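Reproduced below: model_23.csv, with CSV, C-alpha atoms and all ligand atoms.
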```csv
chain,number,residue,atom,x,y,z
S,1,MET,CA,-239.4,20.9,-5.1
S,2,PRO,CA,-241.4,23.8,-3.8
S,3,TYR,CA,-243.2,26.2,-6.1
S,4,VAL,CA,-241.8,29.7,-6.5
S,5,VAL,CA,-243.4,33.1,-7.4
S,6,ALA,CA,-241.4,35.0,-10.0
S,7,GLN,CA,-241.1,38.4,-11.5
S,8,PRO,CA,-244.6,38.6,-13.3
S,9,CYS,CA,-246.3,38.8,-9.9
S,10,ILE,CA,-244.7,42.2,-9.1
S,11,ASN,CA,-247.4,44.9,-8.6
S,12,CYS,CA,-250.2,42.4,-9.2
S,13,LYS,CA,-251.8,40.8,-6.1
S,14,HIS,CA,-254.7,39.2,-8.1
S,15,THR,CA,-254.3,36.6,-5.3
S,16,ASP,CA,-256.3,33.9,-7.1
S,17,CYS,CA,-253.3,31.7,-6.1
S,18,VAL,CA,-254.0,32.2,-2.4
S,19,GLU,CA,-257.6,31.1,-2.7
S,20,VAL,CA,-256.7,27.6,-4.1
S,21,CYS,CA,-253.7,26.8,-1.9
S,22,PRO,CA,-254.6,23.9,0.4
S,23,VAL,CA,-251.9,24.7,2.9
S,24,ASP,CA,-252.0,28.5,3.1
S,25,CYS,CA,-248.4,28.9,2.3
S,26,PHE,CA,-248.4,32.3,0.6
S,27,TYR,CA,-246.9,35.4,2.3
S,28,GLU,CA,-247.6,39.0,1.3
S,29,GLY,CA,-245.4,42.0,0.8
S,30,PRO,CA,-246.5,45.4,-0.2
S,31,ASN,CA,-246.5,44.6,-4.0
S,32,PHE,CA,-245.5,40.9,-4.3
S,33,LEU,CA,-246.4,37.5,-3.0
S,34,VAL,CA,-244.1,34.6,-2.2
S,35,ILE,CA,-244.5,30.9,-1.3
S,36,HIS,CA,-242.9,29.4,1.8
S,37,PRO,CA,-240.7,26.5,0.5
S,38,ASP,CA,-241.1,24.5,3.8
S,39,GLU,CA,-244.9,24.7,3.6
S,40,CYS,CA,-245.7,24.2,-0.1
S,41,ILE,CA,-246.8,20.6,-0.8
S,42,ASP,CA,-246.2,20.8,-4.6
S,43,CYS,CA,-249.8,20.3,-5.5
S,44,ASN,CA,-249.7,22.6,-8.6
S,45,ALA,CA,-253.1,24.1,-7.8
S,46,CYS,CA,-251.9,27.7,-7.9
S,47,VAL,CA,-250.2,27.5,-11.3
S,48,PRO,CA,-253.2,27.5,-13.6
S,49,VAL,CA,-255.1,30.2,-11.7
S,50,CYS,CA,-252.3,32.8,-11.9
S,51,PRO,CA,-253.3,35.2,-14.7
S,52,VAL,CA,-249.8,36.3,-15.4
S,53,GLU,CA,-248.0,32.9,-15.2
S,54,ALA,CA,-245.8,33.9,-12.3
S,55,ILE,CA,-245.6,30.6,-10.5
S,56,TYR,CA,-243.2,27.7,-11.4
S,57,ALA,CA,-241.9,24.6,-9.8
S,58,ASP,CA,-238.4,25.5,-8.6
S,59,ASP,CA,-236.7,23.2,-11.0
S,60,GLU,CA,-238.7,24.6,-13.9
S,61,LEU,CA,-238.0,28.3,-13.3
S,62,PRO,CA,-237.0,30.1,-16.5
S,63,GLU,CA,-233.3,30.8,-16.3
S,64,GLN,CA,-233.7,34.6,-15.9
S,65,TRP,CA,-235.8,34.0,-12.8
S,66,GLU,CA,-233.9,31.3,-11.1
S,67,HIS,CA,-232.8,33.6,-8.3
S,68,TYR,CA,-236.5,33.9,-7.3
S,69,ALA,CA,-236.2,30.6,-5.5
S,70,GLU,CA,-233.8,32.2,-3.0
S,71,TRP,CA,-236.0,35.4,-2.9
S,72,ASN,CA,-239.1,33.4,-2.0
S,73,THR,CA,-237.3,31.7,0.8
S,74,TYR,CA,-235.8,34.9,2.1
S,75,LEU,CA,-239.0,37.0,1.9
S,76,ALA,CA,-241.3,34.2,3.1
S,77,GLU,CA,-239.3,33.9,6.3
S,78,GLN,CA,-239.2,37.7,6.8
S,79,TRP,CA,-242.9,38.2,6.0
S,80,GLN,CA,-243.9,35.1,8.1
S,81,ALA,CA,-242.1,36.6,11.1
S,82,LEU,CA,-244.0,39.9,10.6
S,83,GLY,CA,-247.4,38.0,10.4
S,84,TYR,CA,-248.1,38.5,6.8
S,85,ASN,CA,-249.6,35.1,5.9
S,86,ILE,CA,-252.3,35.7,3.2
S,87,THR,CA,-255.1,33.1,3.1
S,88,GLU,CA,-258.0,35.0,1.4
S,89,LYS,CA,-258.3,36.6,-2.0
S,90,LYS,CA,-258.3,40.4,-2.1
S,91,ASP,CA,-258.6,43.0,-4.8
S,92,ALA,CA,-255.6,43.3,-7.2
S,93,LEU,CA,-253.5,46.4,-6.9
S,94,PRO,CA,-254.8,49.4,-8.9
S,95,GLU,CA,-251.8,49.3,-11.2
S,96,ALA,CA,-252.0,45.5,-11.8
S,97,GLU,CA,-253.5,45.8,-15.3
S,98,GLU,CA,-250.9,48.3,-16.4
S,99,TYR,CA,-248.1,46.1,-15.2
S,100,ALA,CA,-249.5,43.0,-16.9
S,101,ALA,CA,-248.8,44.5,-20.3
S,102,GLU,CA,-245.9,46.1,-22.1
S,103,PRO,CA,-243.9,48.2,-21.6
S,104,LEU,CA,-244.2,47.9,-17.9
S,105,LEU,CA,-244.4,44.1,-17.9
S,106,SER,CA,-240.8,43.5,-19.0
S,107,GLN,CA,-239.5,46.3,-16.8
S,108,LYS,CA,-240.3,44.5,-13.6
S,109,SER,CA,-237.3,43.3,-11.6
S,110,GLU,CA,-236.7,42.1,-8.1
S,111,GLU,CA,-235.4,45.6,-7.3
S,112,ASP,CA,-239.1,46.7,-7.6
S,113,ILE,CA,-240.1,44.3,-4.8
S,114,LEU,CA,-241.0,46.3,-1.8
S,115,THR,CA,-240.8,44.8,1.7
S,116,TRP,CA,-242.6,45.5,4.9
S,117,GLU,CA,-239.3,45.6,6.8
S,118,GLY,CA,-238.8,49.2,8.0
S,119,ALA,CA,-242.2,50.2,6.5
S,120,GLU,CA,-244.2,49.8,9.7
A,201,LIG,S1,-252.1,35.1,-8.9
A,201,LIG,FE1,-250.0,35.1,-9.6
A,201,LIG,S2,-249.6,37.2,-10.0
A,201,LIG,FE2,-251.4,37.2,-8.7
A,201,LIG,S3,-250.7,37.3,-6.6
A,201,LIG,FE3,-250.8,35.1,-7.1
A,201,LIG,S4,-248.8,34.6,-7.9
A,201,LIG,FE4,-248.9,36.8,-7.9
A,202,LIG,S1,-248.1,24.3,-5.3
A,202,LIG,FE1,-249.9,23.9,-4.0
A,202,LIG,S2,-249.1,24.0,-1.9
A,202,LIG,FE2,-247.6,25.0,-3.2
A,202,LIG,S3,-248.1,27.1,-3.2
A,202,LIG,FE3,-249.2,26.3,-5.0
A,202,LIG,S4,-251.2,25.7,-4.2
A,202,LIG,FE4,-249.9,26.1,-2.4
```
Represent the structure contained in this file as structure tokens.
Ligand code: SF4
Ligand code: SF4
Amino acid sequence: MPYVVAQPCINCKHTDCVEVCPVDCFYEGPNFLVIHPDECIDCNACVPVCPVEAIYADDELPEQWEHYAEWNTYLAEQWQALGYNITEKKDALPEAEEYAAEPLLSQKSEEDILTWEGAE
């Protein structure tokens, strides 16, 4: 039952989650973070520190975000292979605050998730 990062994380990168994870299982894309399902130990430490409530146990994902379990697996494997394990907190993206409120908050979708593949 790994934990999953969902839509509210897009364009955020507050990365408070990374700081508390005891097993360093977060992977970073250009504007989104994911959890590697094979590494997460289900400790729940990251959930209360995420300022936008983006993290859920996979069996508690809101229905509209259920597909993020698959997205976390897919992207974590891709970003792991590219060496983008993130283990230390960094500054949030400049647009993070704007995207944490309406109208941009509800306009986020997985189509907005950028990936490093082809970007390097
Ligand atoms: S704290 Fe939440 S929104 Fe910020 S990077 Fe981590 S999962 Fe994403
Ligand atoms: S639940 Fe625990 S192990 Fe899993 S990502 Fe969050 S902090 Fe890391």
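Comparing S:Ala96, S:Trp116, S:Glu110, S:Asn85 by their smallest distance to Glu66 in chain S, the closest is S:Glu110 (using all atoms listed in the file).
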Of the candidates S:Leu114, S:Val4, S:Cys46, S:Asn11, which one gets nearest to ligand LIG 202 (chain A) if we count all atoms listed in the file? S:Cys46
Could you give me, as a PyMOL selection string, every polymer residue with an atom at most 6 Å away from an atom of ligand LIG 201 (chain A), counting only C-alpha atoms and all ligand atoms? chain S and resi 5+9+12-17+33+50-52+54-55
How big is the axis-aligned box around all listed atoms of ligand LIG 202 (chain A) once 6 Å goes on each side, and where's its centre, in Å to one decimal, as JSON?
```
{"center_x": -249.4, "center_y": 25.5, "center_z": -3.6, "size_x": 15.6, "size_y": 15.2, "size_z": 15.4}
```
Counting only C-alpha atoms, which residue out of S:Ala92, S:Trp65, S:Gln80, S:Glu97 sits closest to Gln7 in chain S?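 The closest residue to Gln7 in chain S is S:Trp65.
Here CA of Pro94 in chain S stands at a distance of 22.1 Å from CA of Trp79 in chain S.
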Show me, as JSON lines, the residues of chain S having an atom within 6 Å of ligand LIG 202 (chain A), each with the closest atom pair and its distance in Å, using all atoms listed in the file.
```
{"residue": "S:Tyr3", "atom": "CA", "partner": "A:LIG202", "partner_atom": "S1", "distance": 5.3}
{"residue": "S:Val20", "atom": "CA", "partner": "A:LIG202", "partner_atom": "S4", "distance": 5.8}
{"residue": "S:Cys21", "atom": "CA", "partner": "A:LIG202", "partner_atom": "S4", "distance": 3.6}
{"residue": "S:Pro22", "atom": "CA", "partner": "A:LIG202", "partner_atom": "FE4", "distance": 5.9}
{"residue": "S:Val23", "atom": "CA", "partner": "A:LIG202", "partner_atom": "S2", "distance": 5.6}
{"residue": "S:Cys25", "atom": "CA", "partner": "A:LIG202", "partner_atom": "FE4", "distance": 5.7}
{"residue": "S:Ile35", "atom": "CA", "partner": "A:LIG202", "partner_atom": "S3", "distance": 5.6}
{"residue": "S:Cys40", "atom": "CA", "partner": "A:LIG202", "partner_atom": "FE2", "distance": 3.7}
{"residue": "S:Ile41", "atom": "CA", "partner": "A:LIG202", "partner_atom": "S2", "distance": 4.2}
{"residue": "S:Asp42", "atom": "CA", "partner": "A:LIG202", "partner_atom": "S1", "distance": 4.0}
{"residue": "S:Cys43", "atom": "CA", "partner": "A:LIG202", "partner_atom": "FE1", "distance": 3.9}
{"residue": "S:Asn44", "atom": "CA", "partner": "A:LIG202", "partner_atom": "S1", "distance": 4.0}
{"residue": "S:Ala45", "atom": "CA", "partner": "A:LIG202", "partner_atom": "S4", "distance": 4.4}
{"residue": "S:Cys46", "atom": "CA", "partner": "A:LIG202", "partner_atom": "FE3", "distance": 4.2}
```
For CA of Leu104 in chain S and CA of Pro2 in chain S, determine how far apart the two atoms are, in Å to one decimal place.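 Spanning CA of Leu104 in chain S to CA of Pro2 in chain S is a straight-line distance of 28.1 Å.
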For Phe26 in chain S, which residue among S:Met1, S:Pro48, S:Thr115, S:Asp38 is the nearest when counting all atoms listed in the file?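 Closest to Phe26 in chain S of all the choices is S:Asp38.
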Which value, in Å to one decimal, gives the distance between CA of Tyr84 in chain S and CA of Tyr27 in chain S?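 Between CA of Tyr84 in chain S and CA of Tyr27 in chain S the gap works out to 5.6 Å.
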Go through S:Ala6, S:Val49, S:Val34, S:Glu19 and flag the residue nearest Glu88 in chain S, using all atoms listed in the file for the distances.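 Ranked by minimum distance to Glu88 in chain S, first place goes to S:Glu19.
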Counting all atoms listed in the file, the residue of S:Ala101, S:Leu93, S:Pro8, S:Gln78 that sits nearest Asn31 in chain S: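 Closest residue, counting all atoms listed in the file: S:Leu93.
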Could you write range 85-119 of chain S as a PDB file, keeping the file's coordinate frame, with N, CA and C atoms rebuilt where they are missing?
```
ATOM      1  N   ASN S  85    -249.005  36.249   6.578  1.00  0.00           N
ATOM      2  CA  ASN S  85    -249.600  35.100   5.900  1.00  0.00           C
ATOM      3  C   ASN S  85    -250.841  35.573   5.205  1.00  0.00           C
ATOM      4  N   ILE S  86    -251.029  35.281   3.912  1.00  0.00           N
ATOM      5  CA  ILE S  86    -252.300  35.700   3.200  1.00  0.00           C
ATOM      6  C   ILE S  86    -253.057  34.451   2.842  1.00  0.00           C
ATOM      7  N   THR S  87    -254.303  34.371   3.300  1.00  0.00           N
ATOM      8  CA  THR S  87    -255.100  33.100   3.100  1.00  0.00           C
ATOM      9  C   THR S  87    -256.404  33.415   2.354  1.00  0.00           C
ATOM     10  N   GLU S  88    -256.721  34.679   2.100  1.00  0.00           N
ATOM     11  CA  GLU S  88    -258.000  35.000   1.400  1.00  0.00           C
ATOM     12  C   GLU S  88    -257.701  35.936   0.243  1.00  0.00           C
ATOM     13  N   LYS S  89    -258.465  35.725  -0.820  1.00  0.00           N
ATOM     14  CA  LYS S  89    -258.300  36.600  -2.000  1.00  0.00           C
ATOM     15  C   LYS S  89    -258.679  38.028  -1.664  1.00  0.00           C
ATOM     16  N   LYS S  90    -257.946  38.959  -2.245  1.00  0.00           N
ATOM     17  CA  LYS S  90    -258.300  40.400  -2.100  1.00  0.00           C
ATOM     18  C   LYS S  90    -258.213  41.057  -3.434  1.00  0.00           C
ATOM     19  N   ASP S  91    -258.591  42.329  -3.489  1.00  0.00           N
ATOM     20  CA  ASP S  91    -258.600  43.000  -4.800  1.00  0.00           C
ATOM     21  C   ASP S  91    -257.129  43.189  -5.259  1.00  0.00           C
ATOM     22  N   ALA S  92    -256.966  43.099  -6.576  1.00  0.00           N
ATOM     23  CA  ALA S  92    -255.600  43.300  -7.200  1.00  0.00           C
ATOM     24  C   ALA S  92    -255.232  44.770  -6.932  1.00  0.00           C
ATOM     25  N   LEU S  93    -253.949  45.024  -7.016  1.00  0.00           N
ATOM     26  CA  LEU S  93    -253.500  46.400  -6.900  1.00  0.00           C
ATOM     27  C   LEU S  93    -254.003  47.250  -8.029  1.00  0.00           C
ATOM     28  N   PRO S  94    -254.213  48.543  -7.809  1.00  0.00           N
ATOM     29  CA  PRO S  94    -254.800  49.400  -8.900  1.00  0.00           C
ATOM     30  C   PRO S  94    -253.967  49.408 -10.140  1.00  0.00           C
ATOM     31  N   GLU S  95    -252.648  49.220 -10.004  1.00  0.00           N
ATOM     32  CA  GLU S  95    -251.800  49.300 -11.200  1.00  0.00           C
ATOM     33  C   GLU S  95    -251.575  47.900 -11.838  1.00  0.00           C
ATOM     34  N   ALA S  96    -252.276  46.862 -11.333  1.00  0.00           N
ATOM     35  CA  ALA S  96    -252.000  45.500 -11.800  1.00  0.00           C
ATOM     36  C   ALA S  96    -252.182  45.340 -13.306  1.00  0.00           C
ATOM     37  N   GLU S  97    -253.246  45.915 -13.854  1.00  0.00           N
ATOM     38  CA  GLU S  97    -253.500  45.800 -15.300  1.00  0.00           C
ATOM     39  C   GLU S  97    -252.399  46.402 -16.122  1.00  0.00           C
ATOM     40  N   GLU S  98    -252.001  47.580 -15.704  1.00  0.00           N
ATOM     41  CA  GLU S  98    -250.900  48.300 -16.400  1.00  0.00           C
ATOM     42  C   GLU S  98    -249.645  47.487 -16.426  1.00  0.00           C
ATOM     43  N   TYR S  99    -249.340  46.858 -15.290  1.00  0.00           N
ATOM     44  CA  TYR S  99    -248.100  46.100 -15.200  1.00  0.00           C
ATOM     45  C   TYR S  99    -248.181  44.720 -15.834  1.00  0.00           C
ATOM     46  N   ALA S 100    -249.397  44.300 -16.242  1.00  0.00           N
ATOM     47  CA  ALA S 100    -249.500  43.000 -16.900  1.00  0.00           C
ATOM     48  C   ALA S 100    -249.292  43.101 -18.389  1.00  0.00           C
ATOM     49  N   ALA S 101    -249.047  44.315 -18.896  1.00  0.00           N
ATOM     50  CA  ALA S 101    -248.800  44.500 -20.300  1.00  0.00           C
ATOM     51  C   ALA S 101    -247.553  45.319 -20.543  1.00  0.00           C
ATOM     52  N   GLU S 102    -247.055  45.248 -21.752  1.00  0.00           N
ATOM     53  CA  GLU S 102    -245.900  46.100 -22.100  1.00  0.00           C
ATOM     54  C   GLU S 102    -246.258  47.541 -22.148  1.00  0.00           C
ATOM     55  N   PRO S 103    -245.359  48.486 -21.865  1.00  0.00           N
ATOM     56  CA  PRO S 103    -243.900  48.200 -21.600  1.00  0.00           C
ATOM     57  C   PRO S 103    -243.575  47.900 -20.198  1.00  0.00           C
ATOM     58  N   LEU S 104    -244.523  48.070 -19.267  1.00  0.00           N
ATOM     59  CA  LEU S 104    -244.200  47.900 -17.900  1.00  0.00           C
ATOM     60  C   LEU S 104    -243.864  46.430 -17.509  1.00  0.00           C
ATOM     61  N   LEU S 105    -244.533  45.488 -18.217  1.00  0.00           N
ATOM     62  CA  LEU S 105    -244.400  44.100 -17.900  1.00  0.00           C
ATOM     63  C   LEU S 105    -242.895  43.643 -17.890  1.00  0.00           C
ATOM     64  N   SER S 106    -242.168  43.991 -18.925  1.00  0.00           N
ATOM     65  CA  SER S 106    -240.800  43.500 -19.000  1.00  0.00           C
ATOM     66  C   SER S 106    -239.825  44.406 -18.193  1.00  0.00           C
ATOM     67  N   GLN S 107    -240.349  45.463 -17.613  1.00  0.00           N
ATOM     68  CA  GLN S 107    -239.500  46.300 -16.800  1.00  0.00           C
ATOM     69  C   GLN S 107    -239.470  45.915 -15.334  1.00  0.00           C
ATOM     70  N   LYS S 108    -240.301  44.941 -14.973  1.00  0.00           N
ATOM     71  CA  LYS S 108    -240.300  44.500 -13.600  1.00  0.00           C
ATOM     72  C   LYS S 108    -239.005  43.824 -13.229  1.00  0.00           C
ATOM     73  N   SER S 109    -238.499  44.070 -12.062  1.00  0.00           N
ATOM     74  CA  SER S 109    -237.300  43.300 -11.600  1.00  0.00           C
ATOM     75  C   SER S 109    -237.398  43.192 -10.113  1.00  0.00           C
ATOM     76  N   GLU S 110    -236.550  42.332  -9.552  1.00  0.00           N
ATOM     77  CA  GLU S 110    -236.700  42.100  -8.100  1.00  0.00           C
ATOM     78  C   GLU S 110    -236.335  43.396  -7.342  1.00  0.00           C
ATOM     79  N   GLU S 111    -235.692  44.344  -7.995  1.00  0.00           N
ATOM     80  CA  GLU S 111    -235.400  45.600  -7.300  1.00  0.00           C
ATOM     81  C   GLU S 111    -236.705  46.388  -7.063  1.00  0.00           C
ATOM     82  N   ASP S 112    -237.781  46.004  -7.763  1.00  0.00           N
ATOM     83  CA  ASP S 112    -239.100  46.700  -7.600  1.00  0.00           C
ATOM     84  C   ASP S 112    -239.871  46.049  -6.423  1.00  0.00           C
ATOM     85  N   ILE S 113    -239.381  44.938  -5.876  1.00  0.00           N
ATOM     86  CA  ILE S 113    -240.100  44.300  -4.800  1.00  0.00           C
ATOM     87  C   ILE S 113    -239.972  45.055  -3.502  1.00  0.00           C
ATOM     88  N   LEU S 114    -241.065  45.539  -3.030  1.00  0.00           N
ATOM     89  CA  LEU S 114    -241.000  46.300  -1.800  1.00  0.00           C
ATOM     90  C   LEU S 114    -241.143  45.283  -0.619  1.00  0.00           C
ATOM     91  N   THR S 115    -240.668  45.659   0.532  1.00  0.00           N
ATOM     92  CA  THR S 115    -240.800  44.800   1.700  1.00  0.00           C
ATOM     93  C   THR S 115    -241.331  45.570   2.864  1.00  0.00           C
ATOM     94  N   TRP S 116    -242.029  44.867   3.724  1.00  0.00           N
ATOM     95  CA  TRP S 116    -242.600  45.500   4.900  1.00  0.00           C
ATOM     96  C   TRP S 116    -241.559  45.973   5.879  1.00  0.00           C
ATOM     97  N   GLU S 117    -240.369  45.358   5.782  1.00  0.00           N
ATOM     98  CA  GLU S 117    -239.300  45.600   6.800  1.00  0.00           C
ATOM     99  C   GLU S 117    -239.007  47.120   6.770  1.00  0.00           C
ATOM    100  N   GLY S 118    -239.134  47.757   7.887  1.00  0.00           N
ATOM    101  CA  GLY S 118    -238.800  49.200   8.000  1.00  0.00           C
ATOM    102  C   GLY S 118    -240.000  50.056   7.528  1.00  0.00           C
ATOM    103  N   ALA S 119    -241.073  49.426   6.979  1.00  0.00           N
ATOM    104  CA  ALA S 119    -242.200  50.200   6.500  1.00  0.00           C
ATOM    105  C   ALA S 119    -243.257  50.431   7.546  1.00  0.00           C
TER     106      ALA S 119
END
```
